[in-house]
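Undergrad: Structure file input.txt (compact mmCIF, C-alpha atoms and all ligand atoms) right here:
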```
# COMPACT_ATOMS: atom_id res chain seq x y z
CA MET V 1 93.90 118.48 8.63
CA ALA V 2 92.77 120.74 5.78
CA ASN V 3 89.54 118.83 5.25
CA THR V 4 88.38 118.68 8.86
CA PRO V 5 84.97 120.38 8.92
CA ILE V 6 84.49 123.31 11.29
CA PRO V 7 82.35 122.08 14.20
CA VAL V 8 78.93 123.69 14.60
CA ILE V 9 76.49 123.37 17.49
CA THR V 10 73.01 124.64 16.66
CA ILE V 11 70.63 125.83 19.35
CA ASP V 12 67.11 126.42 18.07
CA GLY V 13 63.97 127.14 20.00
CA PRO V 14 61.15 129.59 20.65
CA SER V 15 61.53 133.10 22.09
CA GLY V 16 62.38 133.11 25.76
CA SER V 17 63.66 129.53 25.87
CA GLY V 18 67.02 130.85 27.11
CA LYS V 19 68.92 129.94 23.95
CA GLY V 20 70.54 133.37 23.56
CA THR V 21 72.11 133.42 27.03
CA LEU V 22 73.07 129.81 26.76
CA SER V 23 74.60 130.11 23.30
CA ARG V 24 76.73 133.05 24.39
CA LEU V 25 77.98 131.21 27.48
CA LEU V 26 78.79 128.14 25.44
CA ALA V 27 80.58 130.09 22.71
CA ASN V 28 82.60 131.88 25.35
CA GLU V 29 83.49 128.67 27.16
CA LEU V 30 84.59 126.90 23.98
CA GLY V 31 86.22 129.99 22.50
CA TRP V 32 84.03 129.64 19.41
CA HIS V 33 82.22 132.15 17.24
CA PHE V 34 78.58 132.99 17.93
CA LEU V 35 75.78 133.60 15.46
CA ASP V 36 72.68 135.37 16.81
CA SER V 37 70.57 134.84 13.70
CA GLY V 38 67.51 136.47 15.29
CA ALA V 39 69.47 139.74 15.42
CA LEU V 40 69.72 139.69 11.62
CA TYR V 41 65.92 139.42 11.24
CA ARG V 42 65.49 142.11 13.88
CA LEU V 43 67.91 144.37 11.96
CA VAL V 44 66.06 143.85 8.68
CA ALA V 45 62.82 144.82 10.45
CA LEU V 46 64.39 147.87 12.08
CA ALA V 47 65.97 149.01 8.82
CA ALA V 48 62.60 148.52 7.08
CA ARG V 49 60.90 150.79 9.61
CA ARG V 50 63.64 153.39 9.23
CA HIS V 51 63.37 153.36 5.45
CA ALA V 52 59.55 153.28 5.62
CA ILE V 53 59.37 149.95 3.80
CA PRO V 54 56.10 148.12 4.52
CA PHE V 55 56.38 144.54 5.79
CA ASP V 56 54.48 143.26 2.75
CA ASP V 57 56.85 144.79 0.18
CA GLU V 58 58.81 141.60 -0.47
CA ALA V 59 61.06 142.94 -3.22
CA ALA V 60 62.20 145.96 -1.20
CA LEU V 61 62.72 143.81 1.92
CA GLN V 62 64.80 141.33 -0.02
CA THR V 63 67.04 144.13 -1.35
CA LEU V 64 67.33 145.55 2.13
CA ALA V 65 68.30 142.16 3.60
CA ALA V 66 70.84 141.53 0.85
CA HIS V 67 72.58 144.87 1.41
CA LEU V 68 72.16 145.25 5.16
CA ASP V 69 74.98 147.44 6.49
CA VAL V 70 75.58 145.90 9.90
CA GLN V 71 78.51 145.32 12.22
CA PHE V 72 78.71 143.16 15.35
CA ALA V 73 81.45 143.79 17.93
CA SER V 74 81.83 141.56 21.01
CA ASP V 75 83.42 142.62 24.29
CA ALA V 76 86.46 140.76 25.66
CA GLU V 77 84.29 138.21 27.55
CA GLY V 78 82.07 137.69 24.52
CA GLN V 79 79.00 138.48 26.65
CA GLU V 80 77.86 141.80 25.22
CA THR V 81 77.66 142.49 21.53
CA THR V 82 77.47 146.02 20.20
CA ILE V 83 75.37 146.20 17.05
CA LEU V 84 75.72 148.95 14.47
CA LEU V 85 73.16 149.45 11.74
CA GLU V 86 74.22 151.81 8.96
CA GLY V 87 76.92 153.09 11.33
CA GLU V 88 74.54 153.85 14.21
CA GLU V 89 74.47 151.89 17.46
CA VAL V 90 71.17 150.03 17.81
CA THR V 91 72.13 147.40 20.42
CA ASN V 92 69.21 148.09 22.76
CA LEU V 93 66.74 149.05 20.05
CA VAL V 94 66.97 145.67 18.30
CA ARG V 95 66.32 143.87 21.60
CA SER V 96 62.91 145.50 22.10
CA GLU V 97 59.72 143.41 22.05
CA GLU V 98 58.41 145.51 19.18
CA CYS V 99 61.47 144.74 17.09
CA GLY V 100 61.18 141.02 17.91
CA ASN V 101 57.58 140.99 16.74
CA ASP V 102 58.47 142.90 13.58
CA ALA V 103 61.34 140.45 12.96
CA SER V 104 58.94 137.54 13.12
CA LYS V 105 56.88 139.22 10.36
CA VAL V 106 59.75 139.79 7.91
CA ALA V 107 61.03 136.28 8.70
CA VAL V 108 58.06 134.66 6.91
CA ILE V 109 59.36 135.90 3.54
CA GLN V 110 61.41 133.30 1.67
CA SER V 111 63.44 135.83 -0.34
CA VAL V 112 64.46 137.64 2.86
CA ARG V 113 65.58 134.33 4.36
CA ASP V 114 67.50 133.50 1.17
CA ALA V 115 69.19 136.91 1.24
CA LEU V 116 70.45 136.25 4.79
CA LEU V 117 71.64 132.71 4.14
CA GLY V 118 75.21 133.43 3.00
CA ARG V 119 75.71 136.01 5.73
CA GLN V 120 74.76 133.43 8.36
CA ARG V 121 76.95 130.68 6.92
CA ALA V 122 79.90 133.09 6.82
CA PHE V 123 79.93 133.01 10.64
CA CYS V 124 81.16 129.42 10.44
CA GLN V 125 84.87 129.99 11.06
CA PRO V 126 87.52 128.02 12.96
CA PRO V 127 87.66 126.89 15.69
CA GLY V 128 83.86 126.44 15.72
CA LEU V 129 80.43 128.06 15.79
CA ILE V 130 77.46 128.19 18.13
CA ALA V 131 74.44 129.12 16.02
CA ASP V 132 71.29 130.37 17.76
CA GLY V 133 67.94 130.67 15.96
CA ARG V 134 64.88 128.88 14.62
CA ASP V 135 66.21 127.03 11.56
CA MET V 136 69.89 126.61 12.37
CA GLY V 137 69.73 122.81 12.55
CA THR V 138 67.09 122.32 9.85
CA VAL V 139 68.19 124.72 7.09
CA ILE V 140 71.33 126.78 7.72
CA PHE V 141 73.68 124.17 9.21
CA PRO V 142 72.11 120.78 8.43
CA ASP V 143 75.50 119.07 8.96
CA ALA V 144 76.03 120.48 12.45
CA LYS V 145 77.80 118.09 14.83
CA LEU V 146 75.27 118.70 17.60
CA LYS V 147 71.74 120.06 17.31
CA VAL V 148 69.84 121.16 20.37
CA PHE V 149 66.19 122.19 20.41
CA LEU V 150 65.65 124.21 23.55
CA ASP V 151 62.03 124.47 24.62
CA ALA V 152 60.14 125.78 27.64
CA SER V 153 56.47 126.29 28.47
CA LEU V 154 54.84 129.51 27.29
CA GLU V 155 54.11 130.43 30.93
CA GLU V 156 57.75 130.04 31.96
CA ARG V 157 59.03 131.91 28.92
CA THR V 158 56.62 134.77 29.62
CA ALA V 159 57.78 134.91 33.25
CA ARG V 160 61.45 135.00 32.18
CA ARG V 161 60.84 137.75 29.66
CA TYR V 162 58.90 139.73 32.26
CA ARG V 163 61.78 139.45 34.77
CA GLN V 164 64.35 140.45 32.12
CA LEU V 165 62.38 143.57 31.22
CA ARG V 166 61.83 144.51 34.87
CA GLU V 167 65.56 144.12 35.56
CA LYS V 168 66.21 146.59 32.77
CA GLY V 169 63.70 148.96 34.38
CA ILE V 170 61.21 148.48 31.52
CA ASP V 171 57.52 148.38 32.49
CA ALA V 172 55.69 145.38 31.07
CA SER V 173 52.35 143.63 31.44
CA ILE V 174 52.48 139.85 31.92
CA ASP V 175 49.21 139.39 30.02
CA SER V 176 50.38 141.32 26.97
CA LEU V 177 53.75 139.58 27.00
CA PHE V 178 51.99 136.21 27.14
CA ASP V 179 49.75 137.13 24.18
CA GLU V 180 52.68 138.50 22.15
CA LEU V 181 54.83 135.44 22.73
CA ALA V 182 51.90 133.14 21.86
CA GLU V 183 51.33 135.05 18.63
CA ARG V 184 55.05 135.03 17.77
CA ASP V 185 55.21 131.27 18.47
CA ARG V 186 52.22 130.69 16.22
CA ARG V 187 53.78 132.71 13.39
CA ASP V 188 57.26 131.18 13.75
CA ARG V 189 55.96 127.59 13.97
CA SER V 190 53.28 127.75 11.29
CA ARG V 191 55.04 129.69 8.51
CA ALA V 192 55.56 127.84 5.24
CA VAL V 193 59.29 128.56 4.99
CA SER V 194 61.83 127.28 7.52
CA PRO V 195 59.32 127.00 10.37
CA LEU V 196 60.49 126.64 13.95
CA LYS V 197 60.74 122.91 14.56
CA PRO V 198 63.35 120.48 15.84
CA ALA V 199 65.60 118.90 13.21
CA PRO V 200 64.99 115.13 13.06
CA ASP V 201 68.43 114.58 14.61
CA ALA V 202 68.11 117.28 17.28
CA VAL V 203 68.14 116.62 21.01
CA THR V 204 65.22 118.40 22.69
CA ILE V 205 65.78 119.88 26.13
CA ASP V 206 62.83 121.31 28.06
CA SER V 207 64.26 124.07 30.21
CA SER V 208 60.96 124.98 31.94
CA ALA V 209 62.15 123.66 35.30
CA LEU V 210 65.90 124.00 34.73
CA GLY V 211 68.33 126.79 35.50
CA ILE V 212 70.79 127.99 32.88
CA GLN V 213 73.71 126.14 34.50
CA GLU V 214 71.78 122.86 34.45
CA VAL V 215 71.05 123.22 30.75
CA LEU V 216 74.66 124.17 30.12
CA THR V 217 75.82 121.01 31.90
CA GLN V 218 73.51 118.87 29.75
CA ILE V 219 74.80 120.42 26.53
CA ARG V 220 78.41 120.05 27.68
CA GLN V 221 77.78 116.34 28.28
CA LEU V 222 76.12 115.94 24.87
CA TRP V 223 79.05 117.69 23.21
CA GLN V 224 81.61 115.51 25.00
CA ARG V 225 79.82 112.43 23.66
CA VAL V 226 79.56 113.77 20.09
CA LYS V 227 83.17 114.94 20.07
CA VAL V 228 84.64 111.50 20.63
CA GLN V 229 82.55 109.81 17.91
O1 LIG V 301 65.60 134.91 18.39
P1 LIG V 301 64.92 136.27 18.28
O2 LIG V 301 63.83 136.48 19.30
O3 LIG V 301 65.90 137.38 18.28
O4 LIG V 301 64.22 136.25 16.84
C1 LIG V 301 63.34 137.26 16.42
C2 LIG V 301 62.44 136.73 15.31
O5 LIG V 301 63.24 136.47 14.14
C3 LIG V 301 61.74 135.41 15.61
O6 LIG V 301 60.47 135.62 16.20
C4 LIG V 301 61.63 134.74 14.26
C5 LIG V 301 62.78 135.30 13.47
N1 LIG V 301 63.88 134.34 13.33
C6 LIG V 301 63.79 133.42 12.31
O7 LIG V 301 62.78 133.36 11.63
N2 LIG V 301 64.82 132.56 12.07
C7 LIG V 301 65.90 132.60 12.83
N3 LIG V 301 66.91 131.76 12.56
C8 LIG V 301 66.02 133.51 13.90
C9 LIG V 301 64.97 134.38 14.13
```
Before anything else, please render the file you have as structure tokens.

TA:
Amino acid sequence: MANTPIPVITIDGPSGSGKGTLSRLLANELGWHFLDSGALYRLVALAARRHAIPFDDEAALQTLAAHLDVQFASDAEGQETTILLEGEEVTNLVRSEECGNDASKVAVIQSVRDALLGRQRAFCQPPGLIADGRDMGTVIFPDAKLKVFLDASLEERTARRYRQLREKGIDASIDSLFDELAERDRRDRSRAVSPLKPAPDAVTIDSSALGIQEVLTQIRQLWQRVKVQ
């Protein structure tokens, strides 16, 4: 079956919709590869800060994105990924709110997105790929077998992010988190290149009132249906 395409499930959605946790669980369950595309934008932003490259220096950011020295290593359960940037572990640093906001700024630049395209597609390896991001179904994997757009209200996403930070012992203000997420949403949805939006053939799931297991069940059912077609 040399010509059988590698199956891809894309999970796009705004920050805090739960797509990261869900994608990891799904990849683990299916034994597939996992692409956390947001981590790549976060790494470009972090590397830019470290090399003192301003976020409006498009040429330097493009070069940085094209030559990003990064390694991802998953644990046996596929739940935790260690991230190395230029040989140094930055796993927790890239997860910070500041880095997420910076990532959203470098992500508006077309040439940065272009520079990361091949790297993202290279994650598509047998037996399959779960791709998590903003433009996975629209731009990076337009032929994906199943496209999910995972949404949730801004209030619920803020509450989730607040709980996550508190669990990690990080102090946070609900009001600032709400404002930051709103601003990030606005930037991600309104940018000219690859904006956050559902692909025309995506299935939208609103997870505002759903637990992670309920969403997982829905996606499993969708995948069962797609698989037999
Ligand atoms: O998913 P995340 O929170 O790690 O993403 C951080 C930022 O990176 C997000 O606000 C916008 C950008 N991003 C993007 O533009 N395209 C993607 N496929 C993934 C992330």

Undergrad: Using all atoms listed in the file, pick whichever of V:Thr158, V:Ser37, V:Ser111, V:Gln164 has the shortest atom-to-atom distance to ligand LIG 301 (chain V).

TA: V:Ser37

Undergrad: Mind pulling up the distance from CA of Arg42 in chain V to CA of Phe55 in chain V?

TA: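 Calculated distance between CA of Phe55 in chain V and CA of Arg42 in chain V is 12.4 Å.
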
Undergrad: Ranking V:His67, V:His33, V:Arg220, V:Arg113 by minimum distance to Val193 in chain V and counting only C-alpha atoms, which one comes first?

TA: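 The shortest atom-to-atom distance to Val193 in chain V comes from V:Arg113.
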
Undergrad: Taking all atoms listed in the file into account, name the residue in V:Ser153, V:Gln125, V:Ser176, V:Ser190 that is nearest to ligand LIG 301 (chain V).

TA: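 Answer, going by the shortest atom-to-atom distance: V:Ser190.
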
Undergrad: Please find the residues contacting ligand LIG 301 (chain V) at a distance of at most 8 Å between atoms, with only C-alpha atoms and all ligand atoms counted, and report them as a PyMOL selection string.

TA: chain V and resi 12+14-16+20+36-42+95+99-108+113+132-136+184-185+187-188+194-196

Undergrad: Pick the closest to Ala172 in chain V from V:Pro142, V:Ala47, V:Gly13, V:Glu97: which is it, counting all atoms listed in the file?

TA: V:Glu97

Undergrad: Would you work out the distance separating CA of Ala52 in chain V from CA of Ile109 in chain V, expressed in Å to one decimal?

TA: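 Between CA of Ala52 in chain V and CA of Ile109 in chain V the gap works out to 17.5 Å.
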